[in-house]
$ cat my_file_8.tsv   # TSV, C-alpha atoms and all ligand atoms
chain	number	residue	atom	x	y	z
A	300	MET	CA	22.35	40.92	-67.29
A	301	THR	CA	25.11	38.46	-66.74
A	302	GLY	CA	28.04	37.17	-68.68
A	303	LEU	CA	28.07	40.10	-71.10
A	304	ARG	CA	31.45	40.59	-72.64
A	305	SER	CA	31.45	42.81	-75.71
A	306	ALA	CA	34.59	44.46	-77.04
A	307	THR	CA	33.46	47.66	-75.34
A	308	ARG	CA	33.15	45.91	-71.98
A	309	ALA	CA	36.54	44.29	-72.47
A	310	ALA	CA	37.99	47.74	-73.17
A	311	VAL	CA	36.44	49.16	-70.00
A	312	ALA	CA	37.75	46.23	-67.96
A	313	ALA	CA	41.25	46.56	-69.40
A	314	ALA	CA	41.60	50.37	-69.39
A	315	ARG	CA	44.84	51.45	-67.78
A	316	LEU	CA	43.44	54.85	-66.85
A	317	VAL	CA	39.81	55.06	-65.88
A	318	VAL	CA	37.59	57.93	-64.73
A	319	VAL	CA	34.83	56.84	-62.36
A	320	LYS	CA	31.95	59.20	-61.62
A	321	VAL	CA	29.59	58.63	-58.72
A	322	GLY	CA	26.33	60.51	-58.16
A	323	SER	CA	25.02	62.12	-54.97
A	324	SER	CA	22.22	59.61	-54.53
A	325	SER	CA	24.75	56.76	-54.36
A	326	LEU	CA	26.69	58.25	-51.45
A	327	THR	CA	24.08	59.72	-49.23
A	328	THR	CA	21.06	58.67	-47.22
A	329	ALA	CA	17.59	59.87	-48.14
A	330	ALA	CA	17.72	62.11	-45.06
A	331	GLY	CA	20.73	63.91	-46.54
A	332	GLY	CA	23.97	62.83	-44.94
A	333	LEU	CA	26.87	60.72	-46.10
A	334	ASP	CA	26.24	56.98	-46.00
A	335	PRO	CA	29.56	55.51	-44.73
A	336	ASP	CA	28.74	51.94	-45.73
A	337	ARG	CA	28.08	52.81	-49.35
A	338	LEU	CA	31.08	55.11	-49.49
A	339	HIS	CA	33.35	52.37	-48.12
A	340	ALA	CA	31.94	49.84	-50.61
A	341	LEU	CA	32.67	52.22	-53.49
A	342	VAL	CA	36.19	52.91	-52.22
A	343	ASP	CA	36.84	49.15	-51.84
A	344	ALA	CA	35.96	48.69	-55.52
A	345	LEU	CA	38.13	51.65	-56.58
A	346	ALA	CA	41.06	50.42	-54.49
A	347	ALA	CA	40.81	46.97	-56.07
A	348	ARG	CA	40.87	48.49	-59.57
A	349	ARG	CA	43.72	50.76	-58.50
A	350	ALA	CA	45.94	47.64	-58.27
A	351	THR	CA	45.98	47.41	-62.08
A	352	SER	CA	44.92	50.86	-63.33
A	353	SER	CA	45.19	54.53	-62.52
A	354	VAL	CA	41.88	55.85	-61.26
A	355	VAL	CA	40.37	59.34	-61.14
A	356	LEU	CA	37.19	59.69	-59.10
A	357	VAL	CA	34.67	62.39	-60.00
A	358	SER	CA	32.43	62.51	-56.95
A	359	SER	CA	29.20	64.43	-56.51
A	360	GLY	CA	27.63	64.67	-53.11
A	361	ALA	CA	28.97	67.92	-51.61
A	362	ILE	CA	25.57	69.61	-51.48
A	363	ALA	CA	23.80	66.46	-50.32
A	364	ALA	CA	26.43	65.85	-47.62
A	365	GLY	CA	25.98	69.39	-46.33
A	366	LEU	CA	22.24	69.11	-45.78
A	367	ALA	CA	22.16	67.16	-42.52
A	368	PRO	CA	24.92	69.19	-40.78
A	369	LEU	CA	23.02	72.38	-41.63
A	370	GLY	CA	19.66	70.98	-40.57
A	371	LEU	CA	18.25	71.29	-44.09
A	372	ALA	CA	15.53	68.80	-44.93
A	373	ARG	CA	16.00	68.92	-48.71
A	374	ARG	CA	18.28	70.27	-51.40
A	375	PRO	CA	17.94	74.08	-51.30
A	376	ARG	CA	16.73	75.86	-54.43
A	377	ASP	CA	18.68	79.07	-54.14
A	378	LEU	CA	22.28	79.20	-55.26
A	379	ALA	CA	23.68	80.82	-52.10
A	380	THR	CA	22.33	78.09	-49.81
A	381	GLN	CA	23.44	75.39	-52.26
A	382	GLN	CA	26.92	76.90	-52.14
A	383	ALA	CA	26.87	77.03	-48.34
A	384	ALA	CA	25.76	73.40	-48.23
A	385	ALA	CA	28.50	72.46	-50.72
A	386	SER	CA	31.08	74.30	-48.62
A	387	VAL	CA	30.19	72.28	-45.53
A	388	GLY	CA	29.55	69.07	-47.45
A	389	GLN	CA	32.71	69.07	-49.59
A	390	LEU	CA	34.88	69.00	-46.47
A	391	ALA	CA	32.84	66.14	-45.04
A	392	LEU	CA	33.07	64.31	-48.36
A	393	GLY	CA	36.82	64.87	-48.70
A	394	HIS	CA	37.41	63.78	-45.12
A	395	ALA	CA	35.36	60.62	-45.66
A	396	TYR	CA	37.39	59.76	-48.78
A	397	VAL	CA	40.73	60.39	-47.02
A	398	GLU	CA	39.75	58.00	-44.23
A	399	SER	CA	38.17	55.40	-46.46
A	400	PHE	CA	41.06	55.22	-48.98
A	401	ALA	CA	43.54	55.14	-46.06
A	402	ARG	CA	42.06	51.72	-45.14
A	403	HIS	CA	43.78	50.56	-48.36
A	404	GLY	CA	46.95	52.59	-47.83
A	405	LEU	CA	45.93	54.99	-50.62
A	406	ARG	CA	46.19	58.78	-50.62
A	407	VAL	CA	43.67	61.10	-52.24
A	408	GLY	CA	44.00	64.64	-53.60
A	409	GLN	CA	41.09	67.02	-54.00
A	410	VAL	CA	40.63	68.80	-57.34
A	411	LEU	CA	37.78	71.32	-57.49
A	412	LEU	CA	37.14	72.63	-61.00
A	413	THR	CA	34.98	75.36	-62.44
A	414	ALA	CA	33.78	75.43	-66.04
A	415	ASP	CA	36.48	77.98	-66.78
A	416	ASP	CA	39.11	75.42	-65.89
A	417	VAL	CA	38.21	73.27	-68.85
A	418	VAL	CA	36.93	76.01	-71.11
A	419	ARG	CA	39.90	78.35	-71.09
A	420	ARG	CA	42.84	76.82	-72.80
A	421	ALA	CA	45.47	77.92	-70.24
A	422	HIS	CA	43.35	76.60	-67.36
A	423	TYR	CA	42.72	73.37	-69.27
A	424	ARG	CA	46.44	72.75	-69.46
A	425	ASN	CA	46.82	73.54	-65.75
A	426	ALA	CA	44.15	71.02	-64.81
A	427	GLN	CA	45.79	68.49	-67.14
A	428	ARG	CA	49.20	69.01	-65.54
A	429	THR	CA	47.93	68.79	-61.95
A	430	LEU	CA	45.93	65.62	-62.58
A	431	SER	CA	48.84	63.95	-64.36
A	432	ARG	CA	51.19	64.80	-61.54
A	433	LEU	CA	48.79	63.49	-58.91
A	434	LEU	CA	48.52	60.22	-60.85
A	435	ALA	CA	52.29	60.02	-61.25
A	436	LEU	CA	52.61	60.42	-57.48
A	437	GLY	CA	50.25	57.48	-56.97
A	438	VAL	CA	47.47	59.67	-55.58
A	439	VAL	CA	43.78	59.08	-56.39
A	440	PRO	CA	42.43	62.46	-57.54
A	441	VAL	CA	38.92	63.18	-56.27
A	442	VAL	CA	37.29	65.75	-58.54
A	443	ASN	CA	34.15	67.81	-58.07
A	444	GLU	CA	32.83	71.08	-59.35
A	445	ASN	CA	33.96	74.00	-57.21
A	446	ASP	CA	30.39	74.65	-56.15
A	447	THR	CA	31.16	77.31	-53.56
A	448	VAL	CA	32.52	79.78	-56.11
A	449	ALA	CA	30.83	78.65	-59.31
A	450	THR	CA	28.06	81.10	-60.16
A	451	ASP	CA	24.99	80.37	-62.27
A	452	GLU	CA	26.74	81.25	-65.51
A	453	ILE	CA	29.83	79.18	-64.97
A	454	ARG	CA	28.40	76.06	-63.36
A	455	PHE	CA	28.79	72.75	-65.16
A	456	GLY	CA	25.66	71.91	-63.23
A	457	ASP	CA	26.21	68.25	-63.69
A	458	ASN	CA	29.17	66.10	-62.90
A	459	ASP	CA	28.41	63.63	-65.68
A	460	ARG	CA	29.58	66.22	-68.21
A	461	LEU	CA	32.49	67.20	-65.99
A	462	ALA	CA	33.53	63.53	-65.84
A	463	ALA	CA	33.41	63.20	-69.64
A	464	LEU	CA	35.53	66.33	-70.05
A	465	VAL	CA	38.02	65.13	-67.42
A	466	ALA	CA	38.17	61.71	-69.12
A	467	HIS	CA	39.32	63.31	-72.34
A	468	LEU	CA	41.53	65.86	-70.61
A	469	ILE	CA	43.65	63.17	-68.95
A	470	GLY	CA	43.54	60.69	-71.83
A	471	ALA	CA	41.45	58.11	-69.95
A	472	GLU	CA	40.74	54.80	-71.68
A	473	ALA	CA	37.32	54.37	-70.07
A	474	LEU	CA	34.64	56.30	-68.24
A	475	VAL	CA	32.45	54.53	-65.67
A	476	LEU	CA	29.29	56.36	-64.57
A	477	LEU	CA	27.92	54.96	-61.30
A	478	SER	CA	24.39	55.89	-60.33
A	479	ASP	CA	21.42	54.67	-58.31
A	480	VAL	CA	19.98	52.94	-61.38
A	481	ASP	CA	21.53	49.73	-62.72
A	482	ALA	CA	21.38	50.57	-66.45
A	483	LEU	CA	19.97	52.86	-69.08
A	484	TYR	CA	16.33	51.87	-69.68
A	485	ASP	CA	14.21	52.51	-72.74
A	486	GLY	CA	12.04	54.74	-70.54
A	487	ASP	CA	12.13	56.23	-67.05
A	488	PRO	CA	11.93	53.12	-64.80
A	489	ARG	CA	10.19	55.17	-62.09
A	490	LEU	CA	7.21	55.54	-64.38
A	491	GLY	CA	6.52	51.85	-65.01
A	492	ALA	CA	7.74	48.89	-67.06
A	493	ALA	CA	10.92	49.74	-68.92
A	494	ARG	CA	13.57	47.48	-70.41
A	495	PRO	CA	17.31	47.81	-69.80
A	496	ILE	CA	19.52	48.57	-72.79
A	497	GLU	CA	22.73	46.55	-72.64
A	498	GLU	CA	24.76	47.94	-75.48
A	499	VAL	CA	24.71	51.31	-77.23
A	500	THR	CA	26.85	51.49	-80.34
A	501	ASP	CA	25.97	55.06	-81.25
A	502	ALA	CA	24.95	57.28	-78.34
A	503	ALA	CA	23.03	59.48	-80.79
A	504	ASP	CA	20.67	56.50	-81.29
A	505	VAL	CA	19.42	56.76	-77.72
A	506	ALA	CA	19.21	60.53	-77.57
A	507	ASP	CA	15.41	60.18	-77.79
A	508	VAL	CA	15.09	57.69	-74.93
A	509	ASP	CA	12.79	59.09	-72.26
A	510	ALA	CA	15.37	60.10	-69.68
A	511	GLY	CA	13.02	61.68	-67.18
A	512	ALA	CA	12.80	65.34	-66.32
A	513	SER	CA	15.33	65.40	-63.52
A	514	GLY	CA	17.33	63.18	-61.25
A	515	SER	CA	16.79	61.80	-57.81
A	516	GLY	CA	16.29	65.12	-56.07
A	517	LEU	CA	19.67	64.96	-54.35
A	518	GLY	CA	21.83	65.57	-57.39
A	519	THR	CA	21.16	67.51	-60.54
A	520	GLY	CA	22.06	65.34	-63.45
A	521	GLY	CA	19.37	62.76	-64.13
A	522	MET	CA	19.61	60.25	-66.94
A	523	ALA	CA	19.57	62.92	-69.66
A	524	SER	CA	22.88	64.29	-68.45
A	525	LYS	CA	24.37	60.79	-68.33
A	526	LEU	CA	23.34	60.21	-71.93
A	527	ALA	CA	24.84	63.53	-73.00
A	528	ALA	CA	28.05	62.72	-71.12
A	529	ALA	CA	28.22	59.22	-72.61
A	530	ARG	CA	27.83	60.72	-76.07
A	531	LEU	CA	30.53	63.30	-75.40
A	532	ALA	CA	32.97	60.66	-74.18
A	533	SER	CA	32.05	58.29	-76.98
A	534	VAL	CA	32.67	60.79	-79.79
A	535	ALA	CA	35.99	61.55	-78.10
A	536	GLY	CA	36.98	57.90	-78.39
A	537	VAL	CA	36.37	56.91	-74.75
A	538	PRO	CA	34.15	53.84	-74.06
A	539	VAL	CA	31.59	54.31	-71.28
A	540	LEU	CA	29.95	51.95	-68.81
A	541	LEU	CA	26.84	53.08	-66.93
A	542	ALA	CA	26.06	50.90	-63.91
A	543	SER	CA	24.74	51.07	-60.39
A	544	ALA	CA	27.10	52.13	-57.62
A	545	ALA	CA	25.96	49.05	-55.71
A	546	ALA	CA	27.61	46.97	-58.47
A	547	ALA	CA	30.79	49.07	-58.54
A	548	ASP	CA	33.01	46.04	-57.92
A	549	ARG	CA	31.72	44.21	-61.01
A	550	ALA	CA	31.61	47.38	-63.08
A	551	LEU	CA	35.28	47.91	-62.33
A	552	THR	CA	36.47	44.32	-62.72
A	553	SER	CA	34.57	42.31	-65.35
A	554	ALA	CA	32.47	45.26	-66.56
A	555	ASP	CA	29.63	42.81	-67.25
A	556	VAL	CA	26.85	44.89	-65.72
A	557	GLY	CA	24.91	47.95	-66.80
A	558	THR	CA	24.92	49.65	-70.19
A	559	ALA	CA	28.05	49.85	-72.34
A	560	PHE	CA	28.51	52.72	-74.82
A	561	THR	CA	30.94	52.00	-77.64
A	562	ALA	CA	33.51	54.66	-78.45
A	563	SER	CA	32.25	55.83	-81.82
A	564	GLY	CA	34.64	58.63	-82.62
A	565	ARG	CA	38.29	58.94	-83.32
A	566	ARG	CA	40.27	60.22	-80.41
A	567	LEU	CA	40.82	63.95	-80.96
A	568	THR	CA	43.93	65.73	-79.80
A	569	ALA	CA	43.39	67.65	-76.57
A	570	ARG	CA	43.41	70.91	-78.50
A	571	ARG	CA	40.79	69.82	-81.02
A	572	PHE	CA	38.59	68.27	-78.33
A	573	TRP	CA	38.81	71.49	-76.36
A	574	LEU	CA	37.87	73.46	-79.45
A	575	ALA	CA	34.96	71.19	-80.34
A	576	TYR	CA	33.40	70.49	-76.97
A	577	ALA	CA	34.86	72.39	-74.06
A	578	ALA	CA	35.46	75.95	-75.21
A	579	ASP	CA	32.73	78.58	-75.09
A	580	SER	CA	31.76	80.02	-78.45
A	581	THR	CA	31.36	83.78	-78.71
A	582	GLY	CA	29.95	84.11	-82.22
A	583	ILE	CA	28.33	82.45	-85.20
A	584	LEU	CA	29.42	82.43	-88.84
A	585	THR	CA	26.74	81.24	-91.27
A	586	LEU	CA	28.18	79.39	-94.27
A	587	ASP	CA	26.76	78.79	-97.74
A	588	GLU	CA	26.52	75.19	-99.00
A	589	GLY	CA	29.82	75.38	-100.87
A	590	ALA	CA	31.68	76.49	-97.77
A	591	VAL	CA	30.04	73.76	-95.66
A	592	ALA	CA	31.27	71.14	-98.15
A	593	ALA	CA	34.76	72.64	-98.22
A	594	VAL	CA	35.09	72.87	-94.45
A	595	VAL	CA	33.33	69.67	-93.37
A	596	ALA	CA	34.04	67.20	-96.19
A	597	ARG	CA	37.32	68.51	-97.57
A	598	ARG	CA	38.75	69.92	-94.30
A	599	ARG	CA	39.67	73.21	-96.00
A	600	SER	CA	40.10	76.61	-94.41
A	601	LEU	CA	37.06	78.88	-94.29
A	602	LEU	CA	37.33	81.85	-96.64
A	603	ALA	CA	35.32	85.07	-96.46
A	604	ALA	CA	33.59	84.25	-99.76
A	605	GLY	CA	31.63	81.35	-98.22
A	606	ILE	CA	30.22	83.30	-95.28
A	607	THR	CA	26.72	84.77	-95.57
A	608	ALA	CA	26.20	86.20	-92.07
A	609	VAL	CA	28.08	87.01	-88.86
A	610	SER	CA	26.68	87.40	-85.38
A	611	GLY	CA	28.14	87.83	-81.91
A	612	ASP	CA	30.81	90.00	-80.41
A	613	PHE	CA	34.23	88.39	-80.72
A	614	GLN	CA	37.89	89.09	-81.28
A	615	ALA	CA	40.49	87.41	-83.44
A	616	GLY	CA	41.53	84.21	-81.65
A	617	ASP	CA	38.09	83.55	-80.11
A	618	VAL	CA	36.08	80.37	-80.70
A	619	VAL	CA	33.09	80.65	-83.05
A	620	ASP	CA	30.43	78.22	-84.26
A	621	LEU	CA	30.15	77.61	-88.01
A	622	THR	CA	26.62	76.80	-89.15
A	623	ASP	CA	25.07	75.60	-92.39
A	624	PRO	CA	22.41	77.75	-94.09
A	625	SER	CA	19.70	76.18	-91.88
A	626	GLY	CA	21.53	77.20	-88.69
A	627	ARG	CA	22.84	73.74	-87.73
A	628	VAL	CA	26.30	73.93	-86.17
A	629	VAL	CA	28.65	71.93	-88.41
A	630	ALA	CA	32.06	73.01	-87.11
A	631	ARG	CA	33.85	75.22	-84.63
A	632	GLY	CA	37.04	77.13	-85.01
A	633	LEU	CA	39.34	79.94	-83.93
A	634	VAL	CA	38.40	83.00	-85.95
A	635	ALA	CA	41.18	85.18	-87.39
A	636	TYR	CA	39.25	88.49	-87.45
A	637	ASP	CA	37.30	90.64	-84.97
A	638	SER	CA	33.50	90.64	-85.37
A	639	THR	CA	33.67	94.33	-86.35
A	640	GLU	CA	35.95	93.57	-89.33
A	641	LEU	CA	34.03	90.70	-90.88
A	642	PRO	CA	30.82	92.30	-92.22
A	643	ASP	CA	32.81	94.21	-94.88
A	644	LEU	CA	34.67	91.08	-95.98
A	645	ILE	CA	32.06	88.31	-96.17
A	646	GLY	CA	30.81	87.13	-99.53
A	647	GLN	CA	33.87	88.54	-101.32
A	648	SER	CA	36.41	86.38	-103.05
A	649	THR	CA	39.94	86.58	-101.72
A	650	ARG	CA	41.36	88.32	-104.80
A	651	ASP	CA	38.89	91.20	-104.37
A	652	LEU	CA	39.93	91.82	-100.78
A	653	PRO	CA	42.70	94.23	-99.74
A	654	ALA	CA	46.03	92.50	-99.12
A	655	GLU	CA	45.78	92.78	-95.33
A	656	HIS	CA	42.47	90.90	-95.38
A	657	ARG	CA	43.36	87.97	-97.59
A	658	ARG	CA	44.10	85.51	-94.81
A	659	GLU	CA	41.58	82.73	-94.13
A	660	VAL	CA	38.74	83.60	-91.75
A	661	VAL	CA	39.26	80.26	-89.95
A	662	HIS	CA	42.41	78.33	-90.84
A	663	ALA	CA	42.01	74.57	-91.39
A	664	ASP	CA	44.42	73.90	-88.50
A	665	ASP	CA	42.12	75.85	-86.16
A	666	LEU	CA	38.91	74.16	-87.27
A	667	VAL	CA	37.06	71.04	-86.12
A	668	ALA	CA	34.10	69.58	-88.00
A	669	LEU	CA	31.45	68.22	-85.64
A	670	ALA	CA	30.48	64.64	-86.35
A	671	HIS	CA	26.85	65.08	-85.26
A	672	GLY	CA	26.36	68.69	-86.06
A	701	LIG	N1	15.67	55.99	-69.34
A	701	LIG	C1	16.12	55.92	-68.07
A	701	LIG	N2	16.94	54.90	-67.72
A	701	LIG	C2	17.44	54.81	-66.46
A	701	LIG	N3	17.16	55.70	-65.48
A	701	LIG	C3	16.35	56.74	-65.76
A	701	LIG	C4	15.80	56.89	-67.07
A	701	LIG	N4	15.05	58.01	-67.07
A	701	LIG	C5	15.12	58.54	-65.83
A	701	LIG	N5	15.90	57.78	-65.02
A	701	LIG	C6	16.20	58.10	-63.61
A	701	LIG	O1	17.46	58.76	-63.51
A	701	LIG	C7	17.97	58.51	-62.20
A	701	LIG	C8	19.50	58.72	-62.19
A	701	LIG	O2	19.79	60.09	-62.18
A	701	LIG	P1	20.37	60.82	-60.88
A	701	LIG	O3	19.52	60.51	-59.71
A	701	LIG	O4	20.62	62.24	-61.22
A	701	LIG	O5	21.72	60.04	-60.71
A	701	LIG	P2	23.08	60.45	-60.02
A	701	LIG	O6	22.79	61.07	-58.68
A	701	LIG	O7	23.76	59.13	-59.96
A	701	LIG	O8	23.79	61.41	-60.96
A	701	LIG	C9	17.56	57.10	-61.90
A	701	LIG	O9	17.32	56.91	-60.55
A	701	LIG	C10	16.29	56.88	-62.72
A	701	LIG	O10	15.15	56.83	-61.91
A	702	LIG	N1	28.71	69.28	-57.57
A	702	LIG	C1	27.46	68.83	-56.98
A	702	LIG	C2	26.85	67.66	-57.74
A	702	LIG	C3	26.25	67.97	-59.07
A	702	LIG	C4	25.77	66.68	-59.76
A	702	LIG	O1	26.01	66.48	-60.94
A	702	LIG	O2	25.11	65.78	-59.00
A	702	LIG	P1	24.75	64.28	-59.48
A	702	LIG	O3	23.62	64.37	-60.50
A	702	LIG	O4	24.33	63.59	-58.24
A	702	LIG	O5	25.95	63.67	-60.09
A	702	LIG	C5	27.70	68.31	-55.55
A	702	LIG	O6	28.79	67.86	-55.24
A	702	LIG	O7	26.75	68.36	-54.78

$ encode --input "my_file_8.tsv" --output "structure tokens" --more "lines below"
Ligand SMILES: Nc1ncnc2c1ncn2[C@@H]1O[C@H](COP(=O)(O)OP(=O)(O)O)[C@@H](O)[C@H]1O
Ligand SMILES: N[C@@H](CCC(=O)OP(=O)(O)O)C(=O)O
Amino acid sequence: MTGLRSATRAAVAAARLVVVKVGSSSLTTAAGGLDPDRLHALVDALAARRATSSVVLVSSGAIAAGLAPLGLARRPRDLATQQAAASVGQLALGHAYVESFARHGLRVGQVLLTADDVVRRAHYRNAQRTLSRLLALGVVPVVNENDTVATDEIRFGDNDRLAALVAHLIGAEALVLLSDVDALYDGDPRLGAARPIEEVTDAADVADVDAGASGSGLGTGGMASKLAAARLASVAGVPVLLASAAAADRALTSADVGTAFTASGRRLTARRFWLAYAADSTGILTLDEGAVAAVVARRRSLLAAGITAVSGDFQAGDVVDLTDPSGRVVARGLVAYDSTELPDLIGQSTRDLPAEHRREVVHADDLVALAHG
């Protein structure tokens, strides 16, 4: 794959703010310790790009970097030992980045996020503000999940998704996913002959590609999580390049390696992106066909008359999923009633409702239709 230069690749090469995510397997040795040579090579490529663009690094590797110091032969299965390994490894990782970026006269700042930090609106804004300030101060933010406190329920579990969310959160113009594989293939390359895919114009088209069951054994993501992250970034209007960490310099200069994912969606405002993709939903409203058409095609508010069923336990102001009659999620929104109030209202036209219950169930301003359901 040489000399490739699509509009998407040009956009990645020219992006003034780029999020770069690197996986555990690209930073560590098979024995489970940081690999200084590969880390330095990555940092050299980031520092070179930093001359023309702002860069945010989302780095995995805390758990992997903690294995050797703790005498663990492989990634532990239980959460507590993973968290202990991450606690030891994150310091080693941070230290290695401080020293490596210092070779280029660059400072780094550590940002450890939990799912809550991008799911809850107030936290989302905090993360946004901190990252912007770090960038304004000329610092390279190094982001990871806060593994030591994240519990099973609140783990992102994979930094590919975290990187896509961060890319939108800070208004990045490109997302570069660096892994131990040099491209997306039409099947798991570990299993035999597979062909690289150079350009993906609609990430939904490759959702069926065999992406293997799991990743390298050091990280958690695997190719499936990279595809999901690429799709998330793409629908949010951010072009994505997936390439090998060994080719980080070319990925970050000419962008003529790996697989490029075109940005298919319109860029959503931070609030609408948060609503559509980051926030946790606490309930489901099932819509009849007329309401689906009104909400999705005509961007109207959702009225009680078009709702056929309500499930979940939520309060006014919470995020709920809106589904079509078959159960497919077609939109998300901030609901204006508690779940206990709605059963008496649904299916009734507004004029038949008491005056205090005539407001929309989800106002059009608080509603986002989902492009791919
Ligand atoms: N269709 C595919 N195309 C490319 N790689 C794939 C595919 N299916 C499975 N893989 C595997 O996914 C691995 C990358 O995932 P992972 O090891 O989790 O990366 P990282 O640590 O960079 O997040 C590759 O090493 C590759 O063997
Ligand atoms: N937060 C974890 C990494 C989780 C993860 O997504 O790993 P990877 O698939 O290697 O990107 C860590 O630092 O070990």

$ residues_around --input "my_file_8.tsv" --residues "A:His403" --least-positions-apart "5" --cutoff "10 Å" --atoms "all atoms listed in the file" --output "VMD selection string"
chain A and resid 342 to 343 346 to 347 398

$ write_last_selection --input "my_file_8.tsv" --atoms "C-alpha atoms" --output "JSON list (two decimals), keeping the file's coordinate frame"
[["chain", "number", "residue", "atom", "x", "y", "z"],
["A", 342, "VAL", "CA", 36.19, 52.91, -52.22],
["A", 343, "ASP", "CA", 36.84, 49.15, -51.84],
["A", 346, "ALA", "CA", 41.06, 50.42, -54.49],
["A", 347, "ALA", "CA", 40.81, 46.97, -56.07],
["A", 398, "GLU", "CA", 39.75, 58.00, -44.23]]

$ residues_near_ligand --input "my_file_8.tsv" --ligand "ligand LIG 701 (chain A)" --cutoff "9 Å" --atoms "all atoms listed in the file" --output "PyMOL selection string"
chain A and resi 320-326+359-360+457-459+476-490+493-496+508-525+543-544

$ closest_residue --input "my_file_8.tsv" --among "A:Asp446, A:Asp336, A:Asp555, A:Glu497" --to "ligand LIG 702 (chain A)" --atoms "all atoms listed in the file"
A:Asp446

$ closest_residue --input "my_file_8.tsv" --among "A:Arg428, A:His467, A:Arg627, A:Arg374" --to "ligand LIG 702 (chain A)" --atoms "all atoms listed in the file"
A:Arg374

$ closest_residue --input "my_file_8.tsv" --among "A:Thr429, A:Ser625, A:Ser600, A:Gln381" --to "ligand LIG 702 (chain A)" --atoms "all atoms listed in the file"
A:Gln381

$ atom_distance --input "my_file_8.tsv" --atom1 "atom CA of A:Val661" --atom2 "atom CA of A:Leu602"
7.1 Å

$ closest_residue --input "my_file_8.tsv" --among "A:Asp334, A:Asp451, A:Asp664, A:Asp579" --to "A:Tyr396" --atoms "all atoms listed in the file"
A:Asp334

$ residues_around --input "my_file_8.tsv" --residues "A:Leu341" --least-positions-apart "4" --cutoff "8 Å" --atoms "all atoms listed in the file" --output "list in words"
Arg337, Leu345, Ala544, Ala545, Ala547 and Asp548 of chain A

$ closest_residue --input "my_file_8.tsv" --among "A:Ala363, A:Ala575, A:Val594, A:Leu531" --to "A:Leu669" --atoms "all atoms listed in the file"
A:Ala575

$ build_atoms --input "my_file_8.tsv" --residues "stretch 572-586 of chain A" --atoms "N, CA and C atoms" --output "PDB file, in the frame of the given file"
ATOM      1  N   PHE A 572      39.728  68.610 -79.191  1.00  0.00           N
ATOM      2  CA  PHE A 572      38.590  68.270 -78.330  1.00  0.00           C
ATOM      3  C   PHE A 572      38.135  69.526 -77.581  1.00  0.00           C
ATOM      4  N   TRP A 573      39.123  70.256 -77.081  1.00  0.00           N
ATOM      5  CA  TRP A 573      38.810  71.490 -76.360  1.00  0.00           C
ATOM      6  C   TRP A 573      38.022  72.429 -77.268  1.00  0.00           C
ATOM      7  N   LEU A 574      38.510  72.565 -78.484  1.00  0.00           N
ATOM      8  CA  LEU A 574      37.870  73.460 -79.450  1.00  0.00           C
ATOM      9  C   LEU A 574      36.435  73.000 -79.733  1.00  0.00           C
ATOM     10  N   ALA A 575      36.262  71.702 -79.927  1.00  0.00           N
ATOM     11  CA  ALA A 575      34.960  71.190 -80.340  1.00  0.00           C
ATOM     12  C   ALA A 575      33.950  71.158 -79.202  1.00  0.00           C
ATOM     13  N   TYR A 576      34.381  70.792 -78.008  1.00  0.00           N
ATOM     14  CA  TYR A 576      33.400  70.490 -76.970  1.00  0.00           C
ATOM     15  C   TYR A 576      33.521  71.281 -75.680  1.00  0.00           C
ATOM     16  N   ALA A 577      34.694  71.769 -75.380  1.00  0.00           N
ATOM     17  CA  ALA A 577      34.860  72.390 -74.060  1.00  0.00           C
ATOM     18  C   ALA A 577      34.785  73.910 -74.125  1.00  0.00           C
ATOM     19  N   ALA A 578      35.361  74.497 -75.156  1.00  0.00           N
ATOM     20  CA  ALA A 578      35.460  75.950 -75.210  1.00  0.00           C
ATOM     21  C   ALA A 578      34.096  76.601 -75.406  1.00  0.00           C
ATOM     22  N   ASP A 579      33.950  77.810 -74.869  1.00  0.00           N
ATOM     23  CA  ASP A 579      32.730  78.580 -75.090  1.00  0.00           C
ATOM     24  C   ASP A 579      32.826  79.314 -76.419  1.00  0.00           C
ATOM     25  N   SER A 580      31.746  79.309 -77.179  1.00  0.00           N
ATOM     26  CA  SER A 580      31.760  80.020 -78.450  1.00  0.00           C
ATOM     27  C   SER A 580      31.199  81.418 -78.241  1.00  0.00           C
ATOM     28  N   THR A 581      31.812  82.395 -78.913  1.00  0.00           N
ATOM     29  CA  THR A 581      31.360  83.780 -78.710  1.00  0.00           C
ATOM     30  C   THR A 581      30.703  84.353 -79.955  1.00  0.00           C
ATOM     31  N   GLY A 582      30.577  83.566 -81.012  1.00  0.00           N
ATOM     32  CA  GLY A 582      29.950  84.110 -82.220  1.00  0.00           C
ATOM     33  C   GLY A 582      29.536  83.012 -83.175  1.00  0.00           C
ATOM     34  N   ILE A 583      28.819  83.412 -84.206  1.00  0.00           N
ATOM     35  CA  ILE A 583      28.330  82.450 -85.200  1.00  0.00           C
ATOM     36  C   ILE A 583      28.638  82.967 -86.601  1.00  0.00           C
ATOM     37  N   LEU A 584      29.238  82.118 -87.422  1.00  0.00           N
ATOM     38  CA  LEU A 584      29.420  82.430 -88.840  1.00  0.00           C
ATOM     39  C   LEU A 584      28.499  81.500 -89.616  1.00  0.00           C
ATOM     40  N   THR A 585      27.627  82.062 -90.447  1.00  0.00           N
ATOM     41  CA  THR A 585      26.740  81.240 -91.270  1.00  0.00           C
ATOM     42  C   THR A 585      27.399  81.023 -92.619  1.00  0.00           C
ATOM     43  N   LEU A 586      27.463  79.746 -93.032  1.00  0.00           N
ATOM     44  CA  LEU A 586      28.180  79.390 -94.270  1.00  0.00           C
ATOM     45  C   LEU A 586      27.180  79.051 -95.377  1.00  0.00           C
TER      46      LEU A 586
END
